Amino acid sequence: MAFEGLGERLQSTFDHMKSRGKVTDEDVKAMMREVRLALLEADVNYKVVKQFVNSVKDRATGQEVMKSLTPGQQVVKVVSEELTQLMGGEQAEIAKAAKGPTVVMMVGLQGAGKTTTSAKIANYLRKNKNRQPLMAAADVYRPAAIDQLETLGRQLNMPVFSLGTEADPVDIAKQSLAKAKEEHYDYLFIDTAGRLHVDDSLMDELQRMKEAVNPDEIMLVVDSMTGQDAVNVAESFNEQLGITGVTLTKLDGDTRGGAALSVKSVTDKPIKFAGTGEKIDAIEPFHPERMASRILGMGDMLSLIEKAQTDVDEDKAKELEKKMRSQDLTFDDFLEQLGQVRNMGSMEDIMSMIPGAGKMKGLKNAQMDDSQITRVEAIVRSMTREERQQPSLMNASRKRRIAKGSGTTIQDVNRLLKQFEDMKKMMKQMTSQQKGKKKGNFSM
Ligand code: GDP
């Protein structure tokens, strides 16, 4: 996965920082030296690194004191916020035309993933935003590109406009737009031709197409595996054509991640989507904040601490923490915690915020969506008091009774018991990591 090396390096730099009660300017300097090296090694553009390090230094040394965090945690928070800023700050949505079809020109070098990404984003918008997309095959130079888009269209049951390989790409774009208007499609994705390198004839064609269809979005697709090249490509496309957004593909690959960290600041155009695999649904909106916390490998620890402090009843949190440490967590605690979790956001959000949780095996089983929480509550409520206090009592006939009482199945009950065990194990790991540290509510 992308960022592994960078993540590991930054994490080890931060590990002994987080618990510090006092941080001197020297500490910050030493840490920033490590951060600078880690970023350079991850292939982040050197100008970007310099800027980044300076703004972190400025903010970290002149920090206003936040009562809820230790100074060490505050420095980490600054780095995490700056990383988020570096990647664009807020999540940027794909354009939406005020009227008529939103026209998206998909551009980029050959092999970057334009054709695949056109279908992925179109499918994403149909599935999640209820939009009706039309795709147009305007890459006439690579004959396989048209077949590929048509195959994807058939797989997704999504229309593809094509005039074969003989037509002029600008005509294809114009005619597909006419069709999209006439048939009231919400989005038109034009898959344009790529080249192995940026060249004048490619840019010329794309410029003519741009003039002809007046796109709402010019989405540059870049292969994050190509590192600094991806950044140079983004810079040229932006200068010569004017892009409006970027999709980074192949973030699932073994990339050092530098492209993701540099593209936004070099082009000043937001990264809107990230491709994370070959499958059609391997695409996600790019969230700078989540990416930053993933890179720092701490989940979104600090916002969890903040959230915990504002949303969770402090006494209860302390009590829970004590139980976590002694590991005699019961289903009553679990139930109560679910209630609090509901106040805090979805289970998935919470899990993603727990440091190290992303790496933990068996966590998939522990993840729940909100409808599952309702079911889980029903199951726990069908347990007797003894069963809630002593989960080890559970046997086949008890499980049958609980399933019946909660309107679920024995499999559901078994799954919950497994999740409960996983959660206990996870807490054991988390609390043993924490042993000896005095600070920190909620056992973070
Ligand atoms: P185009 O020439 O820009 O249209 O590129 P394609 O859409 O044909 O993609 C080139 C190759 O990259 C194909 O084999 C895709 O399956 C693959 N690909 C595209 N996006 C991703 C991604 O996010 N992850 C992975 N692993 N492969 C991808």
# chains A, B, ... in the order shown; residues from 1 in each chain; ligands from 1

call {"tool": "residues_near_ligand", "arguments": {"ligand": "ligand 1", "cutoff": "6 Å", "atoms": "only C-alpha atoms and all ligand atoms", "output": "list in words"}}
result
Leu109, Gln110, Gly111, Ala112, Gly113, Lys114, Thr115, Thr116, Thr249, Lys250, Asp252, Gly253, Gly275, Thr276, Gly277 and Glu278 of chain A

call {"tool": "write_last_selection", "arguments": {"atoms": "N, CA and C atoms", "output": "PDB file, in the first residue's frame"}}
result
ATOM      1  N   LEU A 109      -1.684  10.685 -19.372  1.00  0.00           N
ATOM      2  CA  LEU A 109      -0.813   9.887 -20.235  1.00  0.00           C
ATOM      3  C   LEU A 109      -1.382   8.485 -20.420  1.00  0.00           C
ATOM      4  N   GLN A 110      -0.897   7.838 -21.476  1.00  0.00           N
ATOM      5  CA  GLN A 110      -1.330   6.478 -21.734  1.00  0.00           C
ATOM      6  C   GLN A 110      -0.957   5.564 -20.566  1.00  0.00           C
ATOM      7  N   GLY A 111      -1.888   4.748 -20.179  1.00  0.00           N
ATOM      8  CA  GLY A 111      -1.606   3.790 -19.104  1.00  0.00           C
ATOM      9  C   GLY A 111      -1.827   4.347 -17.699  1.00  0.00           C
ATOM     10  N   ALA A 112      -2.164   5.633 -17.624  1.00  0.00           N
ATOM     11  CA  ALA A 112      -2.370   6.228 -16.297  1.00  0.00           C
ATOM     12  C   ALA A 112      -3.616   5.641 -15.636  1.00  0.00           C
ATOM     13  N   GLY A 113      -4.570   5.247 -16.486  1.00  0.00           N
ATOM     14  CA  GLY A 113      -5.811   4.683 -15.949  1.00  0.00           C
ATOM     15  C   GLY A 113      -7.050   5.483 -16.327  1.00  0.00           C
ATOM     16  N   LYS A 114      -6.967   6.269 -17.407  1.00  0.00           N
ATOM     17  CA  LYS A 114      -8.107   7.111 -17.805  1.00  0.00           C
ATOM     18  C   LYS A 114      -9.367   6.306 -18.091  1.00  0.00           C
ATOM     19  N   THR A 115      -9.209   5.271 -18.924  1.00  0.00           N
ATOM     20  CA  THR A 115     -10.394   4.519 -19.335  1.00  0.00           C
ATOM     21  C   THR A 115     -11.036   3.847 -18.120  1.00  0.00           C
ATOM     22  N   THR A 116     -10.209   3.171 -17.356  1.00  0.00           N
ATOM     23  CA  THR A 116     -10.719   2.497 -16.155  1.00  0.00           C
ATOM     24  C   THR A 116     -11.354   3.511 -15.200  1.00  0.00           C
ATOM     25  N   THR A 249      -4.217   7.380  -9.470  1.00  0.00           N
ATOM     26  CA  THR A 249      -4.526   5.955  -9.546  1.00  0.00           C
ATOM     27  C   THR A 249      -3.409   5.130  -8.911  1.00  0.00           C
ATOM     28  N   LYS A 250      -3.710   3.881  -8.694  1.00  0.00           N
ATOM     29  CA  LYS A 250      -2.747   2.867  -8.247  1.00  0.00           C
ATOM     30  C   LYS A 250      -2.153   3.177  -6.872  1.00  0.00           C
ATOM     31  N   ASP A 252      -2.996   1.642  -4.498  1.00  0.00           N
ATOM     32  CA  ASP A 252      -2.888   0.327  -3.862  1.00  0.00           C
ATOM     33  C   ASP A 252      -1.498  -0.258  -4.096  1.00  0.00           C
ATOM     34  N   GLY A 253      -0.786   0.294  -5.071  1.00  0.00           N
ATOM     35  CA  GLY A 253       0.513  -0.282  -5.428  1.00  0.00           C
ATOM     36  C   GLY A 253       1.589   0.085  -4.429  1.00  0.00           C
ATOM     37  N   GLY A 275      -7.680   6.072  -6.919  1.00  0.00           N
ATOM     38  CA  GLY A 275      -7.926   4.708  -7.397  1.00  0.00           C
ATOM     39  C   GLY A 275      -7.121   3.755  -6.544  1.00  0.00           C
ATOM     40  N   THR A 276      -7.795   2.714  -6.072  1.00  0.00           N
ATOM     41  CA  THR A 276      -7.116   1.829  -5.121  1.00  0.00           C
ATOM     42  C   THR A 276      -7.129   0.368  -5.547  1.00  0.00           C
ATOM     43  N   GLY A 277      -7.295   0.118  -6.844  1.00  0.00           N
ATOM     44  CA  GLY A 277      -7.251  -1.271  -7.292  1.00  0.00           C
ATOM     45  C   GLY A 277      -7.775  -1.395  -8.706  1.00  0.00           C
ATOM     46  N   GLU A 278      -7.702  -2.611  -9.245  1.00  0.00           N
ATOM     47  CA  GLU A 278      -8.130  -2.800 -10.624  1.00  0.00           C
ATOM     48  C   GLU A 278      -9.644  -2.949 -10.748  1.00  0.00           C
TER      49      GLU A 278
END

call {"tool": "residues_around", "arguments": {"residues": "Ser12 in chain A", "least_positions_apart": "4", "cutoff": "12 Å", "atoms": "only C-alpha atoms", "output": "number ranges by chain"}}
result
A: 5-8, 16-18, 31, 34-35, 38, 76, 296-298

call {"tool": "select_by_dssp", "arguments": {"residues": "range 56-259 of chain A", "states": "strand (DSSP E or B)", "output": "ChimeraX atom specification"}}
result
/A:102-107,133-138,160-161,187-192,217-223,245-249

call {"tool": "write_last_selection", "arguments": {"atoms": "C-alpha atoms", "output": "compact mmCIF listing (two decimals), in the first residue's frame"}}
result
# COMPACT_ATOMS: atom_id res chain seq x y z
CA THR A 102 -21.83 17.97 -16.43
CA VAL A 103 -19.05 17.47 -18.96
CA VAL A 104 -15.92 15.77 -17.65
CA MET A 105 -12.89 15.45 -19.89
CA MET A 106 -10.67 12.65 -18.66
CA VAL A 107 -7.08 13.41 -19.62
CA PRO A 133 -23.74 9.07 -16.77
CA LEU A 134 -22.90 8.64 -20.43
CA MET A 135 -19.37 7.71 -21.42
CA ALA A 136 -17.76 8.69 -24.71
CA ALA A 137 -14.87 6.84 -26.35
CA ALA A 138 -12.65 9.54 -27.82
CA VAL A 160 -21.02 4.28 -24.24
CA PHE A 161 -20.96 6.68 -27.17
CA TYR A 187 -22.76 13.40 -16.58
CA LEU A 188 -20.72 12.93 -19.71
CA PHE A 189 -17.30 11.33 -19.27
CA ILE A 190 -15.10 11.78 -22.31
CA ASP A 191 -12.23 9.30 -22.37
CA THR A 192 -9.53 11.11 -24.34
CA GLU A 217 -14.24 19.43 -15.22
CA ILE A 218 -10.90 18.53 -16.76
CA MET A 219 -9.85 15.61 -14.68
CA LEU A 220 -6.22 14.68 -14.94
CA VAL A 221 -5.59 11.02 -14.24
CA VAL A 222 -2.09 10.36 -12.92
CA ASP A 223 -0.39 7.15 -11.99
CA GLY A 245 -9.02 18.22 -10.63
CA VAL A 246 -6.80 15.19 -10.30
CA THR A 247 -7.43 11.51 -9.81
CA LEU A 248 -4.48 9.57 -8.46
CA THR A 249 -4.53 5.96 -9.55

call {"tool": "residues_around", "arguments": {"residues": "Val376 in chain A", "least_positions_apart": "2", "cutoff": "9 Å", "atoms": "only C-alpha atoms", "output": "JSON, numbers by chain"}}
result
{"A": [335, 338, 371, 372, 373, 374, 378, 379, 380, 381, 406, 412, 413, 416]}

call {"tool": "residues_around", "arguments": {"residues": "Gln85 in chain A", "least_positions_apart": "3", "cutoff": "10 Å", "atoms": "only C-alpha atoms", "output": "list in words"}}
result
Phe52, Val79, Ser80, Glu81, Glu82, Gly88, Gly89, Glu90, Leu261, Lys264, Ser265, Pro288, Glu289 and Ala292 of chain A

call {"tool": "atom_distance", "arguments": {"atom1": "CA of Asp422 in chain A", "atom2": "CA of Thr384 in chain A"}}
result
21.7 Å

call {"tool": "select_by_dssp", "arguments": {"residues": "range 117-348 of chain A", "states": "helix (DSSP H, G or I)", "output": "NGL selection string"}}
result
:A and (117-129 or 143-156 or 169-182 or 200-213 or 224-226 or 228-240 or 258-267 or 288-295 or 301-311 or 314-326 or 331-344 or 347-348)

call {"tool": "write_last_selection", "arguments": {"atoms": "C-alpha atoms", "output": "tab-separated table (two decimals), in the first residue's frame"}}
result
chain	number	residue	atom	x	y	z
A	117	THR	CA	-11.15	5.62	-14.04
A	118	SER	CA	-13.84	7.06	-16.34
A	119	ALA	CA	-15.93	3.96	-15.73
A	120	LYS	CA	-15.07	3.87	-12.04
A	121	ILE	CA	-16.14	7.46	-11.38
A	122	ALA	CA	-19.24	7.15	-13.58
A	123	ASN	CA	-20.23	4.05	-11.67
A	124	TYR	CA	-19.47	5.72	-8.34
A	125	LEU	CA	-21.73	8.67	-9.18
A	126	ARG	CA	-24.55	6.44	-10.36
A	127	LYS	CA	-24.33	4.22	-7.31
A	128	ASN	CA	-23.82	6.85	-4.65
A	129	LYS	CA	-25.32	10.03	-6.05
A	143	PRO	CA	-8.02	0.86	-30.70
A	144	ALA	CA	-8.19	-1.26	-27.59
A	145	ALA	CA	-9.29	1.80	-25.60
A	146	ILE	CA	-12.67	1.91	-27.34
A	147	ASP	CA	-13.21	-1.83	-26.86
A	148	GLN	CA	-12.15	-1.49	-23.26
A	149	LEU	CA	-14.63	1.29	-22.56
A	150	GLU	CA	-17.40	-0.59	-24.36
A	151	THR	CA	-16.66	-3.71	-22.35
A	152	LEU	CA	-16.78	-1.70	-19.13
A	153	GLY	CA	-20.05	-0.13	-20.30
A	154	ARG	CA	-21.56	-3.56	-20.91
A	155	GLN	CA	-20.38	-4.80	-17.54
A	156	LEU	CA	-21.94	-1.84	-15.81
A	169	PRO	CA	-11.94	12.96	-31.41
A	170	VAL	CA	-13.28	16.51	-31.27
A	171	ASP	CA	-16.32	15.42	-33.31
A	172	ILE	CA	-16.84	12.46	-31.04
A	173	ALA	CA	-16.82	14.79	-28.06
A	174	LYS	CA	-19.29	17.21	-29.69
A	175	GLN	CA	-21.67	14.52	-30.80
A	176	SER	CA	-21.59	12.78	-27.46
A	177	LEU	CA	-22.45	16.06	-25.79
A	178	ALA	CA	-25.40	16.52	-28.12
A	179	LYS	CA	-26.60	13.06	-27.19
A	180	ALA	CA	-26.09	13.68	-23.47
A	181	LYS	CA	-28.18	16.85	-23.71
A	182	GLU	CA	-30.89	15.33	-25.81
A	200	ASP	CA	2.20	19.25	-28.73
A	201	SER	CA	-0.20	17.32	-30.93
A	202	LEU	CA	-1.86	15.76	-27.88
A	203	MET	CA	-2.23	19.13	-26.19
A	204	ASP	CA	-3.50	20.66	-29.37
A	205	GLU	CA	-6.21	18.05	-29.71
A	206	LEU	CA	-7.23	18.39	-26.09
A	207	GLN	CA	-7.37	22.17	-26.39
A	208	ARG	CA	-9.63	21.94	-29.42
A	209	MET	CA	-11.86	19.54	-27.58
A	210	LYS	CA	-11.95	21.82	-24.59
A	211	GLU	CA	-13.09	24.71	-26.78
A	212	ALA	CA	-15.69	22.54	-28.49
A	213	VAL	CA	-17.42	21.13	-25.43
A	224	SER	CA	0.92	7.59	-8.47
A	225	MET	CA	3.48	4.83	-9.05
A	226	THR	CA	5.40	7.17	-11.35
A	228	GLN	CA	8.02	12.71	-9.46
A	229	ASP	CA	7.06	12.10	-13.09
A	230	ALA	CA	3.43	12.21	-12.06
A	231	VAL	CA	4.06	15.64	-10.58
A	232	ASN	CA	5.79	16.88	-13.75
A	233	VAL	CA	2.97	15.55	-15.90
A	234	ALA	CA	0.44	17.31	-13.70
A	235	GLU	CA	2.39	20.54	-13.99
A	236	SER	CA	2.50	20.38	-17.81
A	237	PHE	CA	-1.16	19.49	-18.23
A	238	ASN	CA	-2.11	22.25	-15.88
A	239	GLU	CA	-0.01	24.85	-17.64
A	240	GLN	CA	-0.96	23.85	-21.15
A	258	GLY	CA	5.31	11.44	-2.97
A	259	ALA	CA	2.96	12.24	-5.84
A	260	ALA	CA	-0.07	12.40	-3.61
A	261	LEU	CA	1.76	14.78	-1.35
A	262	SER	CA	3.09	17.07	-4.06
A	263	VAL	CA	0.47	17.30	-6.81
A	264	LYS	CA	-1.84	19.66	-5.03
A	265	SER	CA	0.78	22.12	-3.96
A	266	VAL	CA	2.53	22.12	-7.34
A	267	THR	CA	-0.62	22.60	-9.44
A	288	PRO	CA	-6.88	14.81	2.66
A	289	GLU	CA	-7.51	14.50	6.36
A	290	ARG	CA	-7.98	10.76	6.33
A	291	MET	CA	-4.98	10.33	4.10
A	292	ALA	CA	-2.84	12.39	6.45
A	293	SER	CA	-3.85	10.35	9.44
A	294	ARG	CA	-3.26	7.18	7.50
A	295	ILE	CA	0.22	8.34	6.62
A	301	MET	CA	-6.12	9.77	17.08
A	302	LEU	CA	-6.27	13.40	17.98
A	303	SER	CA	-9.75	14.02	16.75
A	304	LEU	CA	-10.79	10.93	18.63
A	305	ILE	CA	-9.31	12.35	21.79
A	306	GLU	CA	-11.07	15.64	21.13
A	307	LYS	CA	-14.31	13.90	20.29
A	308	ALA	CA	-14.05	11.71	23.34
A	309	GLN	CA	-13.58	14.75	25.50
A	310	THR	CA	-16.55	16.60	24.16
A	311	ASP	CA	-19.00	13.81	23.46
A	314	GLU	CA	-15.99	11.90	31.35
A	315	ASP	CA	-16.72	9.79	34.40
A	316	LYS	CA	-18.05	7.01	32.28
A	317	ALA	CA	-15.03	7.18	30.03
A	318	LYS	CA	-12.75	6.88	33.04
A	319	GLU	CA	-14.67	3.93	34.35
A	320	LEU	CA	-14.51	2.29	30.95
A	321	GLU	CA	-10.83	2.95	30.74
A	322	LYS	CA	-10.33	1.21	34.06
A	323	LYS	CA	-12.25	-1.77	32.82
A	324	MET	CA	-10.33	-1.88	29.60
A	325	ARG	CA	-7.13	-1.99	31.54
A	326	SER	CA	-8.32	-4.76	33.78
A	331	PHE	CA	-21.64	-6.88	27.56
A	332	ASP	CA	-23.25	-4.20	29.72
A	333	ASP	CA	-20.23	-2.01	29.10
A	334	PHE	CA	-20.38	-2.94	25.49
A	335	LEU	CA	-24.02	-1.87	25.28
A	336	GLU	CA	-23.31	1.37	27.03
A	337	GLN	CA	-20.37	2.00	24.80
A	338	LEU	CA	-22.47	1.42	21.73
A	339	GLY	CA	-24.79	4.14	22.93
A	340	GLN	CA	-21.86	6.50	23.29
A	341	VAL	CA	-20.43	5.41	19.98
A	342	ARG	CA	-23.72	6.38	18.38
A	343	ASN	CA	-23.34	9.85	19.79
A	344	MET	CA	-19.85	10.07	18.39
A	347	MET	CA	-18.51	2.67	14.16
A	348	GLU	CA	-16.37	2.77	11.08

call {"tool": "atom_distance", "arguments": {"atom1": "CA of Met87 in chain A", "atom2": "CA of Ala282 in chain A"}}
result
20.3 Å

call {"tool": "residues_around", "arguments": {"residues": "Ser392 in chain A", "least_positions_apart": "5", "cutoff": "10 Å", "atoms": "only C-alpha atoms", "output": "list in words"}}
result
Glu386, Glu387 and Leu417 of chain A

call {"tool": "atom_distance", "arguments": {"atom1": "CA of Asp15 in chain A", "atom2": "CA of Val75 in chain A"}}
result
11.6 Å

call {"tool": "residues_around", "arguments": {"residues": "Thr409 in chain A", "least_positions_apart": "5", "cutoff": "9 Å", "atoms": "only C-alpha atoms", "output": "list of chain:residue names"}}
result
A:Lys399, A:Arg400, A:Ile402, A:Ala403, A:Lys404, A:Asn414

call {"tool": "write_last_selection", "arguments": {"atoms": "N, CA and C atoms", "output": "short mmCIF file (atom, residue, chain, number, x, y, z; two decimals), in the first residue's frame"}}
result
data_model
loop_
_atom_site.label_atom_id
_atom_site.label_comp_id
_atom_site.auth_asym_id
_atom_site.auth_seq_id
_atom_site.Cartn_x
_atom_site.Cartn_y
_atom_site.Cartn_z
N LYS A 399 -27.44 -19.45 23.23
CA LYS A 399 -27.34 -18.71 21.97
C LYS A 399 -28.64 -18.80 21.18
N ARG A 400 -29.21 -20.02 21.18
CA ARG A 400 -30.47 -20.20 20.46
C ARG A 400 -31.55 -19.29 21.04
N ILE A 402 -31.17 -16.53 22.73
CA ILE A 402 -30.87 -15.11 22.48
C ILE A 402 -31.22 -14.74 21.04
N ALA A 403 -30.89 -15.65 20.12
CA ALA A 403 -31.20 -15.37 18.71
C ALA A 403 -32.69 -15.21 18.54
N LYS A 404 -33.43 -16.13 19.17
CA LYS A 404 -34.88 -16.07 19.04
C LYS A 404 -35.43 -14.77 19.64
N ASN A 414 -23.21 -15.55 17.17
CA ASN A 414 -21.81 -15.98 17.16
C ASN A 414 -20.89 -14.86 16.67
#

call {"tool": "closest_residue", "arguments": {"among": "A:Lys22, A:Arg256, A:Arg195, A:Lys29", "to": "Arg9 in chain A", "atoms": "only C-alpha atoms"}}
result
A:Arg256
